[in-house]
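Undergrad: Supplied structure: coords-v9.cif, mmCIF, C-alpha atoms and all ligand atoms.
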```
data_final
#
loop_
_atom_site.label_atom_id
_atom_site.label_comp_id
_atom_site.auth_asym_id
_atom_site.auth_seq_id
_atom_site.Cartn_x
_atom_site.Cartn_y
_atom_site.Cartn_z
CA MET E 148 -55.11 56.55 65.36
CA SER E 149 -53.48 53.86 67.49
CA LYS E 150 -50.73 51.78 65.99
CA SER E 151 -52.83 48.62 66.09
CA ARG E 152 -55.89 50.30 64.50
CA CYS E 153 -53.63 51.79 61.86
CA PHE E 154 -52.12 48.36 61.24
CA ARG E 155 -55.60 46.83 61.14
CA LYS E 156 -56.68 49.46 58.61
CA LEU E 157 -53.58 48.80 56.57
CA SER E 158 -54.23 45.10 56.75
CA PHE E 159 -57.77 45.56 55.51
CA THR E 160 -56.48 47.81 52.74
CA ALA E 161 -53.82 45.26 51.86
CA LEU E 162 -56.42 42.49 51.89
CA PHE E 163 -58.74 44.57 49.72
CA LEU E 164 -55.95 45.35 47.27
CA LEU E 165 -54.87 41.75 47.31
CA LEU E 166 -58.40 40.63 46.50
CA LEU E 167 -58.67 43.35 43.86
CA GLY E 168 -55.37 42.27 42.38
CA PHE E 169 -56.42 38.67 42.55
CA ASN E 170 -59.65 39.42 40.73
CA THR E 171 -57.80 41.53 38.20
CA SER E 172 -55.37 38.72 37.55
CA ILE E 173 -58.29 36.34 37.04
CA ALA E 174 -59.82 38.79 34.59
CA GLN E 175 -56.50 39.08 32.76
CA THR E 176 -55.63 35.43 32.61
CA SER E 177 -59.05 33.90 32.05
CA SER E 178 -60.05 34.07 28.42
CA ASP E 179 -63.59 32.85 29.12
CA GLU E 180 -65.15 36.14 28.15
CA LEU E 181 -62.75 37.09 25.37
CA SER E 182 -63.71 36.72 21.74
CA LEU E 183 -62.18 37.65 18.44
CA MET E 184 -63.76 37.89 15.01
CA ALA E 185 -61.69 37.76 11.84
CA ILE E 186 -63.54 38.89 8.72
CA PHE E 187 -62.15 38.19 5.26
CA ALA E 188 -63.38 38.01 1.69
CA HIS E 189 -62.65 34.55 0.32
CA PRO E 190 -62.33 30.99 1.57
CA ASP E 191 -58.53 30.71 2.14
CA ASP E 192 -57.93 34.43 2.98
CA GLU E 193 -57.76 33.40 6.62
CA MET E 194 -54.34 31.88 5.88
CA THR E 195 -52.94 35.40 6.33
CA ILE E 196 -53.44 35.22 10.09
CA ALA E 197 -54.20 31.50 10.59
CA PRO E 198 -51.29 30.90 13.03
CA ILE E 199 -52.62 33.50 15.49
CA LEU E 200 -56.19 32.22 15.11
CA SER E 201 -54.81 28.85 16.22
CA LYS E 202 -52.85 30.53 19.03
CA TYR E 203 -55.89 32.31 20.44
CA VAL E 204 -58.09 29.21 20.14
CA ASN E 205 -55.46 27.36 22.20
CA GLU E 206 -55.54 30.13 24.78
CA GLY E 207 -59.30 29.66 25.20
CA VAL E 208 -60.44 32.70 23.23
CA LYS E 209 -63.66 32.24 21.27
CA VAL E 210 -62.64 32.80 17.65
CA TYR E 211 -65.13 33.50 14.87
CA LEU E 212 -64.09 33.48 11.26
CA VAL E 213 -66.42 35.26 8.84
CA VAL E 214 -65.82 34.49 5.17
CA CYS E 215 -67.95 36.76 3.02
CA THR E 216 -67.87 35.33 -0.49
CA ASP E 217 -68.35 31.94 -2.10
CA GLY E 218 -65.13 31.93 -4.13
CA ARG E 219 -66.89 30.94 -7.36
CA TYR E 220 -64.21 32.52 -9.56
CA GLY E 221 -61.25 30.88 -7.87
CA THR E 222 -59.88 29.10 -10.92
CA ASN E 223 -56.15 28.63 -11.54
CA ASP E 224 -53.67 26.88 -13.80
CA PHE E 225 -52.83 24.01 -11.42
CA THR E 226 -56.40 22.59 -11.18
CA ASP E 227 -59.08 22.08 -13.82
CA HIS E 228 -62.00 23.45 -11.80
CA GLU E 229 -64.40 25.67 -13.65
CA ALA E 230 -65.90 28.84 -12.21
CA GLY E 231 -69.42 28.53 -10.84
CA GLU E 232 -71.67 26.52 -8.54
CA GLY E 233 -69.50 23.38 -8.64
CA LEU E 234 -66.53 25.34 -7.34
CA VAL E 235 -68.73 27.04 -4.74
CA ALA E 236 -69.65 23.62 -3.28
CA ILE E 237 -65.99 22.49 -3.27
CA ARG E 238 -64.78 25.64 -1.57
CA LYS E 239 -67.54 25.48 1.01
CA GLU E 240 -66.27 22.05 2.07
CA GLU E 241 -62.64 23.14 1.95
CA MET E 242 -63.42 26.14 4.14
CA GLN E 243 -65.24 23.95 6.67
CA CYS E 244 -62.22 21.62 6.78
CA ALA E 245 -59.84 24.57 7.33
CA ALA E 246 -62.04 26.03 10.09
CA GLU E 247 -62.16 22.68 11.89
CA LYS E 248 -58.36 22.35 11.76
CA LEU E 249 -58.03 25.80 13.35
CA GLY E 250 -60.83 25.23 15.86
CA VAL E 251 -62.69 28.42 14.89
CA GLU E 252 -66.43 28.94 14.51
CA LEU E 253 -67.04 29.53 10.82
CA ILE E 254 -69.67 31.91 9.46
CA HIS E 255 -69.53 31.48 5.70
CA LEU E 256 -71.75 33.95 3.85
CA ASP E 257 -73.00 33.47 0.30
CA TYR E 258 -71.89 36.68 -1.35
CA HIS E 259 -70.68 36.24 -4.89
CA ASP E 260 -66.95 36.21 -5.44
CA GLN E 261 -66.04 39.65 -6.85
CA LEU E 262 -69.24 40.98 -5.25
CA ARG E 263 -71.05 41.04 -8.60
CA ALA E 264 -68.59 43.64 -9.92
CA GLY E 265 -69.07 42.24 -13.42
CA GLU E 266 -72.74 43.21 -13.30
CA GLY E 267 -71.92 46.90 -13.05
CA TYR E 268 -73.32 49.44 -10.63
CA ASP E 269 -76.82 47.91 -10.33
CA GLY E 270 -75.41 44.47 -9.60
CA HIS E 271 -72.46 45.39 -7.44
CA VAL E 272 -73.64 48.26 -5.25
CA PRO E 273 -76.75 46.61 -3.72
CA HIS E 274 -74.65 43.47 -3.08
CA ALA E 275 -71.90 45.50 -1.39
CA ARG E 276 -74.42 47.53 0.65
CA GLN E 277 -76.15 44.38 1.88
CA LEU E 278 -72.75 43.03 2.97
CA ILE E 279 -72.33 45.96 5.41
CA ILE E 280 -75.83 45.39 6.79
CA ASP E 281 -75.17 41.67 7.27
CA LEU E 282 -71.77 42.22 8.89
CA GLU E 283 -73.36 44.72 11.27
CA GLY E 284 -75.90 42.06 12.26
CA ILE E 285 -73.19 39.46 12.83
CA VAL E 286 -71.10 41.78 15.02
CA ALA E 287 -74.24 42.76 16.99
CA ASP E 288 -75.15 39.09 17.45
CA LYS E 289 -71.73 37.71 18.43
CA ASN E 290 -70.36 40.76 20.25
CA PRO E 291 -66.66 40.04 19.71
CA ASP E 292 -64.14 42.06 21.71
CA VAL E 293 -61.88 42.37 18.71
CA LEU E 294 -62.26 42.61 14.93
CA ILE E 295 -59.47 41.78 12.49
CA THR E 296 -59.71 42.42 8.76
CA TRP E 297 -57.84 43.72 5.73
CA GLY E 298 -56.39 47.23 5.62
CA PRO E 299 -56.48 49.46 2.51
CA ASP E 300 -53.88 47.30 0.76
CA GLY E 301 -56.10 44.23 0.99
CA GLY E 302 -52.95 42.12 1.20
CA SER E 303 -52.96 41.43 -2.51
CA THR E 304 -54.85 44.61 -3.58
CA HIS E 305 -57.78 42.34 -4.52
CA MET E 306 -60.89 44.56 -4.72
CA ASP E 307 -62.94 42.15 -2.57
CA HIS E 308 -60.29 42.22 0.15
CA ARG E 309 -60.23 45.99 0.19
CA LEU E 310 -64.02 46.28 0.11
CA VAL E 311 -64.45 43.80 2.95
CA GLY E 312 -61.88 45.71 5.02
CA ALA E 313 -63.73 48.97 4.30
CA SER E 314 -67.10 47.38 5.13
CA VAL E 315 -65.83 46.08 8.49
CA THR E 316 -64.41 49.53 9.21
CA GLN E 317 -67.79 51.12 8.43
CA VAL E 318 -69.52 48.64 10.79
CA PHE E 319 -67.01 49.50 13.53
CA LEU E 320 -67.30 53.28 13.02
CA SER E 321 -71.08 53.44 12.67
CA GLN E 322 -71.64 53.36 16.43
CA ILE E 323 -69.91 53.02 19.78
CA TRP E 324 -70.21 49.30 20.39
CA ASP E 325 -70.76 48.04 23.93
CA LYS E 326 -68.20 45.28 23.63
CA THR E 327 -66.45 45.56 20.29
CA LYS E 328 -63.79 48.12 21.13
CA LYS E 329 -60.85 47.12 18.97
CA LEU E 330 -60.33 46.90 15.23
CA TYR E 331 -57.10 45.69 13.68
CA TYR E 332 -55.86 45.56 10.09
CA VAL E 333 -53.46 42.83 9.09
CA GLY E 334 -50.42 44.16 7.27
CA THR E 335 -47.05 43.19 5.85
CA PRO E 336 -44.11 45.40 6.85
CA SER E 337 -42.63 47.01 3.74
CA HIS E 338 -39.12 45.90 4.67
CA LEU E 339 -40.20 42.24 4.44
CA ILE E 340 -41.30 42.66 0.80
CA ASP E 341 -38.58 42.36 -1.84
CA GLU E 342 -40.50 43.21 -4.98
CA PRO E 343 -40.53 47.04 -5.49
CA GLU E 344 -44.02 47.22 -6.98
CA ARG E 345 -45.57 44.99 -4.32
CA LYS E 346 -43.83 47.06 -1.68
CA LYS E 347 -45.76 50.09 -2.97
CA LEU E 348 -49.07 48.27 -3.41
CA ALA E 349 -49.17 46.18 -0.25
CA GLY E 350 -46.34 47.22 2.06
CA ILE E 351 -47.03 49.03 5.32
CA ASP E 352 -44.23 50.93 7.01
CA SER E 353 -43.48 49.03 10.19
CA THR E 354 -43.98 52.23 12.25
CA TYR E 355 -47.71 51.88 11.62
CA LEU E 356 -47.86 48.20 12.51
CA ASN E 357 -48.07 48.67 16.25
CA VAL E 358 -49.00 45.07 17.10
CA GLY E 359 -46.72 42.09 16.49
CA ILE E 360 -48.07 38.75 17.64
CA LYS E 361 -45.62 35.87 17.88
CA TYR E 362 -46.81 32.32 17.32
CA SER E 363 -45.29 28.96 18.00
CA ASP E 364 -44.09 26.36 15.49
CA LYS E 365 -47.08 24.28 16.63
CA ASP E 366 -49.46 27.07 15.59
CA ALA E 367 -47.60 27.43 12.29
CA GLU E 368 -48.06 23.70 11.72
CA LYS E 369 -51.77 23.90 12.51
CA ALA E 370 -52.13 26.83 10.10
CA MET E 371 -50.35 24.79 7.45
CA GLN E 372 -52.71 21.85 7.97
CA SER E 373 -55.70 24.16 7.58
CA LEU E 374 -54.18 25.76 4.48
CA LYS E 375 -53.85 22.32 2.88
CA CYS E 376 -57.65 21.89 3.17
CA HIS E 377 -57.97 24.44 0.35
CA LYS E 378 -56.94 21.89 -2.27
CA SER E 379 -58.56 23.82 -5.13
CA GLN E 380 -56.46 26.89 -4.31
CA VAL E 381 -53.12 25.83 -2.91
CA SER E 382 -50.19 24.96 -5.13
CA PRO E 383 -46.95 23.46 -3.74
CA GLY E 384 -45.30 26.82 -4.49
CA MET E 385 -47.80 28.58 -2.25
CA ILE E 386 -47.06 26.26 0.66
CA GLN E 387 -43.35 26.94 0.23
CA TRP E 388 -44.01 30.70 0.05
CA ARG E 389 -46.02 30.54 3.29
CA GLU E 390 -43.23 28.63 5.04
CA GLU E 391 -40.66 31.17 3.87
CA SER E 392 -42.91 34.08 4.94
CA SER E 393 -43.19 32.60 8.45
CA LYS E 394 -39.40 32.38 8.69
CA LYS E 395 -38.93 35.89 7.27
CA SER E 396 -41.31 37.40 9.81
CA ASN E 397 -39.79 35.34 12.63
CA ASN E 398 -43.20 33.70 13.29
CA THR E 399 -44.94 37.04 13.74
CA ILE E 400 -48.24 38.39 12.44
CA PHE E 401 -48.31 42.19 12.21
CA LEU E 402 -51.42 44.27 12.77
CA ARG E 403 -52.27 47.95 12.80
CA GLU E 404 -54.71 49.04 15.45
CA PHE E 405 -57.41 51.45 14.37
CA ALA E 406 -56.96 54.33 16.78
CA VAL E 407 -58.47 57.76 17.27
CA PRO E 408 -56.74 60.39 19.42
CA LYS E 409 -58.89 61.28 22.43
CA LYS E 410 -58.66 65.05 21.80
CA THR E 411 -60.77 66.79 19.18
CA LYS E 412 -59.07 69.54 17.19
CA LYS E 413 -60.06 72.65 15.31
CA SER E 414 -57.31 72.60 12.72
CA VAL E 415 -55.79 69.95 10.48
CA PHE E 416 -52.30 71.42 10.96
CA ASN E 417 -51.68 70.97 14.65
ZN ZN E 501 -58.90 36.44 -1.29
#
```
Please lay out the structure from this file as structure tokens.
TA:
Amino acid sequence: MSKSRCFRKLSFTALFLLLLGFNTSIAQTSSDELSLMAIFAHPDDEMTIAPILSKYVNEGVKVYLVVCTDGRYGTNDFTDHEAGEGLVAIRKEEMQCAAEKLGVELIHLDYHDQLRAGEGYDGHVPHARQLIIDLEGIVADKNPDVLITWGPDGGSTHMDHRLVGASVTQVFLSQIWDKTKKLYYVGTPSHLIDEPERKKLAGIDSTYLNVGIKYSDKDAEKAMQSLKCHKSQVSPGMIQWREESSKKSNNTIFLREFAVPKKTKKSVFN
């Protein structure tokens, strides 16, 4: 091959690679096609990862927030709300306010708070089964790239949190999704929890939390504004606790990626 032909070939190769690289960089930097779906149990659970929801919205990612239950039992000693339909209506509005502050698309389902656990097996199990079916339909409809939900700790060990996390996991595992390839569980590193019992119930060893997403003070502020929408749920102490948690984690949300090794094995011991 002559020097000039070789050079020409190299030039074409370089041009091709350049174009390929250029396209790749577009694909990596443009968030047009990227979408994320966070799925939690109650109106206000989203506060756990609200700063990174704000961050991704600002980066142009389409963010869906699915809230499964109506929060009808969310009474406390700093408000005089009673459990029931009145509180459902209040929390629906509060959740809408919080979603607007974060800029996420809200899908608020009407499952009963506590998933009808008080009604025993015949009340609870059909309700919980239907939740999996509905979540499957939502994931199929919206096709998010990424799912984020509770891990086995459920953050606070609340049964609804843990059941929603398990339901989302079942939806993810039930098939190989065309687009939805990543599932993450939010978690608190054990070393950031002081209380020994809570460390056992809700702490995750940081080795397992393989994703740490930093957020800005602006995102923290936006998350705080959205948190304040939940007037029926948020005490001044809770706001202070959130602020301290942000500082403690150095403005980081920790996640554990659901991962399966590529190789199949024939023994549990190697
Ligand atoms: Zn909750």
Undergrad: Calculate, to one decimal in Å, the centre and edge lengths of the box along x, y and z of the file that holds all listed atoms of region 299-309 of chain E with 6 Å of margin on each side, and present them as JSON.
TA:
```
{"center_x": -57.9, "center_y": 45.4, "center_z": -1.1, "size_x": 22.0, "size_y": 20.0, "size_z": 19.2}
```
Undergrad: Fewer than 4 positions away in the same chain doesn't count, so skip those; otherwise give me all residues within 6 Å of Tyr332 (chain E), counting only C-alpha atoms, as a PyMOL selection string.
TA: chain E and resi 295-298+402-403
Undergrad: Could you give me the residues within 10 Å of ligand ZN 501 (chain E), counting all atoms listed in the file, as a PDB file with C-alpha atoms, in the frame of the given file?
TA:
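Result saved to result-v1.pdb:
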```pdb
ATOM      1  CA  PHE E 187     -62.150  38.190   5.260  1.00  0.00           C
ATOM      2  CA  ALA E 188     -63.380  38.010   1.690  1.00  0.00           C
ATOM      3  CA  HIS E 189     -62.650  34.550   0.320  1.00  0.00           C
ATOM      4  CA  PRO E 190     -62.330  30.990   1.570  1.00  0.00           C
ATOM      5  CA  ASP E 191     -58.530  30.710   2.140  1.00  0.00           C
ATOM      6  CA  ASP E 192     -57.930  34.430   2.980  1.00  0.00           C
ATOM      7  CA  GLU E 193     -57.760  33.400   6.620  1.00  0.00           C
ATOM      8  CA  MET E 194     -54.340  31.880   5.880  1.00  0.00           C
ATOM      9  CA  THR E 195     -52.940  35.400   6.330  1.00  0.00           C
ATOM     10  CA  VAL E 214     -65.820  34.490   5.170  1.00  0.00           C
ATOM     11  CA  THR E 216     -67.870  35.330  -0.490  1.00  0.00           C
ATOM     12  CA  GLY E 218     -65.130  31.930  -4.130  1.00  0.00           C
ATOM     13  CA  GLY E 221     -61.250  30.880  -7.870  1.00  0.00           C
ATOM     14  CA  ASP E 260     -66.950  36.210  -5.440  1.00  0.00           C
ATOM     15  CA  GLN E 261     -66.040  39.650  -6.850  1.00  0.00           C
ATOM     16  CA  GLY E 301     -56.100  44.230   0.990  1.00  0.00           C
ATOM     17  CA  GLY E 302     -52.950  42.120   1.200  1.00  0.00           C
ATOM     18  CA  SER E 303     -52.960  41.430  -2.510  1.00  0.00           C
ATOM     19  CA  THR E 304     -54.850  44.610  -3.580  1.00  0.00           C
ATOM     20  CA  HIS E 305     -57.780  42.340  -4.520  1.00  0.00           C
ATOM     21  CA  MET E 306     -60.890  44.560  -4.720  1.00  0.00           C
ATOM     22  CA  ASP E 307     -62.940  42.150  -2.570  1.00  0.00           C
ATOM     23  CA  HIS E 308     -60.290  42.220   0.150  1.00  0.00           C
ATOM     24  CA  ARG E 309     -60.230  45.990   0.190  1.00  0.00           C
TER      25      ARG E 309
END
```
Undergrad: I'd like to know which of E:Val333, E:Leu282, E:Ile237, E:Cys244 is closest to Ser373 (chain E), using all atoms listed in the file.
TA: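 For Ser373 (chain E), the nearest of the candidates is E:Cys244.
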Undergrad: Could you check the closest approach to Tyr203 (chain E) for each of E:Ser379, E:Gln317, E:Ser182, E:Thr411 and tell me which residue wins, using only C-alpha atoms?
TA: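 Looking at the shortest contact to Tyr203 (chain E), the residue is E:Ser182.
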Undergrad: Taking 2 positions as the minimum chain separation for residues in the same chain, which residues sit within 10 Å of Glu283 (chain E) when counting all atoms listed in the file? Answer as a count of residues only.
TA: 15
Undergrad: So how far away is CA of Lys375 (chain E) from CA of Ala245 (chain E), in Å?
TA: 7.8 Å
Undergrad: Pick out the residues sitting within 7 Å of Leu294 (chain E), and hand them over as a list of chain:residue names; count only C-alpha atoms, and ignore anything fewer than 6 positions along from it in its own chain.
TA: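 Counting only C-alpha atoms, the residues come to E:Leu183, E:Met184, E:Ala185, E:Lys329, E:Leu330, E:Tyr331.
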Undergrad: Considering only C-alpha atoms, state which residue in the set E:Leu310, E:Leu253, E:Met385, E:Leu356 is at the smallest distance from Glu240 (chain E).
TA: E:Leu253
Undergrad: E:Leu212, E:Ile351, E:Ala313, E:Ala406: which is nearest Leu200 (chain E), counting only C-alpha atoms?
TA: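 Looking only at the distances to Leu200 (chain E), the closest residue turns out to be E:Leu212.
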Undergrad: Tell me which of E:Arg219, E:Lys326, E:Arg276, E:Arg389 sits closest to Ala197 (chain E), counting only C-alpha atoms.
TA: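 Result for the nearest residue to Ala197 (chain E): E:Arg389.
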Undergrad: Which protein, DNA or RNA residues have an atom at most 12 Å from (-57.8, 22.9, 14.3), counting all atoms listed in the file? List them as number ranges by chain.
TA: E: 197-205, 210, 243-253, 365-374, 376
Undergrad: Could you check how far CA of Ile186 (chain E) sits from CA of Val213 (chain E), in Å to one decimal?
TA: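 Result for CA of Ile186 (chain E) versus CA of Val213 (chain E): 4.6 Å, one decimal.
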Undergrad: For CA of Gln387 (chain E) and CA of Pro343 (chain E), quote the distance in Å rounded to one decimal.
TA: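 CA of Pro343 (chain E) lies at a distance of 21.1 Å from CA of Gln387 (chain E).
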Undergrad: Any chance you could build region 387-414 of chain E out to N, CA and C atoms and write it as a PDB file, in the frame of the given file?
TA:
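The resulting file, part.pdb, is reproduced below:
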```
ATOM      1  N   GLN E 387     -44.745  26.557   0.016  1.00  0.00           N
ATOM      2  CA  GLN E 387     -43.350  26.940   0.230  1.00  0.00           C
ATOM      3  C   GLN E 387     -43.241  28.444   0.559  1.00  0.00           C
ATOM      4  N   TRP E 388     -44.035  29.249  -0.164  1.00  0.00           N
ATOM      5  CA  TRP E 388     -44.010  30.700   0.050  1.00  0.00           C
ATOM      6  C   TRP E 388     -44.471  31.031   1.464  1.00  0.00           C
ATOM      7  N   ARG E 389     -45.507  30.310   1.924  1.00  0.00           N
ATOM      8  CA  ARG E 389     -46.020  30.540   3.290  1.00  0.00           C
ATOM      9  C   ARG E 389     -44.945  30.200   4.330  1.00  0.00           C
ATOM     10  N   GLU E 390     -44.278  29.057   4.095  1.00  0.00           N
ATOM     11  CA  GLU E 390     -43.230  28.630   5.040  1.00  0.00           C
ATOM     12  C   GLU E 390     -42.110  29.666   5.103  1.00  0.00           C
ATOM     13  N   GLU E 391     -41.740  30.166   3.917  1.00  0.00           N
ATOM     14  CA  GLU E 391     -40.660  31.170   3.870  1.00  0.00           C
ATOM     15  C   GLU E 391     -41.105  32.478   4.535  1.00  0.00           C
ATOM     16  N   SER E 392     -42.389  32.840   4.323  1.00  0.00           N
ATOM     17  CA  SER E 392     -42.910  34.080   4.940  1.00  0.00           C
ATOM     18  C   SER E 392     -42.871  33.987   6.459  1.00  0.00           C
ATOM     19  N   SER E 393     -43.218  32.795   6.988  1.00  0.00           N
ATOM     20  CA  SER E 393     -43.190  32.600   8.450  1.00  0.00           C
ATOM     21  C   SER E 393     -41.780  32.825   8.980  1.00  0.00           C
ATOM     22  N   LYS E 394     -40.801  32.254   8.264  1.00  0.00           N
ATOM     23  CA  LYS E 394     -39.400  32.380   8.690  1.00  0.00           C
ATOM     24  C   LYS E 394     -38.965  33.843   8.627  1.00  0.00           C
ATOM     25  N   LYS E 395     -39.317  34.488   7.506  1.00  0.00           N
ATOM     26  CA  LYS E 395     -38.930  35.890   7.270  1.00  0.00           C
ATOM     27  C   LYS E 395     -39.462  36.812   8.364  1.00  0.00           C
ATOM     28  N   SER E 396     -40.692  36.525   8.790  1.00  0.00           N
ATOM     29  CA  SER E 396     -41.310  37.400   9.810  1.00  0.00           C
ATOM     30  C   SER E 396     -40.996  36.921  11.224  1.00  0.00           C
ATOM     31  N   ASN E 397     -40.142  35.892  11.321  1.00  0.00           N
ATOM     32  CA  ASN E 397     -39.790  35.340  12.630  1.00  0.00           C
ATOM     33  C   ASN E 397     -41.048  34.915  13.399  1.00  0.00           C
ATOM     34  N   ASN E 398     -41.930  34.182  12.709  1.00  0.00           N
ATOM     35  CA  ASN E 398     -43.200  33.700  13.290  1.00  0.00           C
ATOM     36  C   ASN E 398     -43.999  34.823  13.947  1.00  0.00           C
ATOM     37  N   THR E 399     -44.191  35.894  13.202  1.00  0.00           N
ATOM     38  CA  THR E 399     -44.940  37.040  13.740  1.00  0.00           C
ATOM     39  C   THR E 399     -46.012  37.486  12.738  1.00  0.00           C
ATOM     40  N   ILE E 400     -47.195  37.760  13.249  1.00  0.00           N
ATOM     41  CA  ILE E 400     -48.240  38.390  12.440  1.00  0.00           C
ATOM     42  C   ILE E 400     -48.310  39.858  12.880  1.00  0.00           C
ATOM     43  N   PHE E 401     -48.301  40.754  11.907  1.00  0.00           N
ATOM     44  CA  PHE E 401     -48.310  42.190  12.210  1.00  0.00           C
ATOM     45  C   PHE E 401     -49.681  42.788  11.954  1.00  0.00           C
ATOM     46  N   LEU E 402     -50.107  43.629  12.879  1.00  0.00           N
ATOM     47  CA  LEU E 402     -51.420  44.270  12.770  1.00  0.00           C
ATOM     48  C   LEU E 402     -51.269  45.761  13.045  1.00  0.00           C
ATOM     49  N   ARG E 403     -52.202  46.512  12.504  1.00  0.00           N
ATOM     50  CA  ARG E 403     -52.270  47.950  12.800  1.00  0.00           C
ATOM     51  C   ARG E 403     -53.580  48.203  13.520  1.00  0.00           C
ATOM     52  N   GLU E 404     -53.498  48.766  14.686  1.00  0.00           N
ATOM     53  CA  GLU E 404     -54.710  49.040  15.450  1.00  0.00           C
ATOM     54  C   GLU E 404     -55.363  50.316  14.935  1.00  0.00           C
ATOM     55  N   PHE E 405     -56.668  50.240  14.721  1.00  0.00           N
ATOM     56  CA  PHE E 405     -57.410  51.450  14.370  1.00  0.00           C
ATOM     57  C   PHE E 405     -57.491  52.305  15.626  1.00  0.00           C
ATOM     58  N   ALA E 406     -56.991  53.515  15.563  1.00  0.00           N
ATOM     59  CA  ALA E 406     -56.960  54.330  16.780  1.00  0.00           C
ATOM     60  C   ALA E 406     -57.354  55.766  16.477  1.00  0.00           C
ATOM     61  N   VAL E 407     -58.071  56.350  17.406  1.00  0.00           N
ATOM     62  CA  VAL E 407     -58.470  57.760  17.270  1.00  0.00           C
ATOM     63  C   VAL E 407     -57.932  58.507  18.486  1.00  0.00           C
ATOM     64  N   PRO E 408     -57.199  59.610  18.261  1.00  0.00           N
ATOM     65  CA  PRO E 408     -56.740  60.390  19.420  1.00  0.00           C
ATOM     66  C   PRO E 408     -57.938  60.870  20.234  1.00  0.00           C
ATOM     67  N   LYS E 409     -57.776  60.913  21.532  1.00  0.00           N
ATOM     68  CA  LYS E 409     -58.890  61.280  22.430  1.00  0.00           C
ATOM     69  C   LYS E 409     -59.326  62.748  22.219  1.00  0.00           C
ATOM     70  N   LYS E 410     -58.360  63.626  21.890  1.00  0.00           N
ATOM     71  CA  LYS E 410     -58.660  65.050  21.800  1.00  0.00           C
ATOM     72  C   LYS E 410     -59.278  65.389  20.449  1.00  0.00           C
ATOM     73  N   THR E 411     -60.283  66.258  20.450  1.00  0.00           N
ATOM     74  CA  THR E 411     -60.770  66.790  19.180  1.00  0.00           C
ATOM     75  C   THR E 411     -59.992  68.068  18.872  1.00  0.00           C
ATOM     76  N   LYS E 412     -59.900  68.395  17.577  1.00  0.00           N
ATOM     77  CA  LYS E 412     -59.070  69.540  17.190  1.00  0.00           C
ATOM     78  C   LYS E 412     -59.878  70.479  16.304  1.00  0.00           C
ATOM     79  N   LYS E 413     -59.349  71.672  16.155  1.00  0.00           N
ATOM     80  CA  LYS E 413     -60.060  72.650  15.310  1.00  0.00           C
ATOM     81  C   LYS E 413     -59.240  73.040  14.084  1.00  0.00           C
ATOM     82  N   SER E 414     -58.140  72.330  13.897  1.00  0.00           N
ATOM     83  CA  SER E 414     -57.310  72.600  12.720  1.00  0.00           C
ATOM     84  C   SER E 414     -56.680  71.294  12.264  1.00  0.00           C
TER      85      SER E 414
END
```
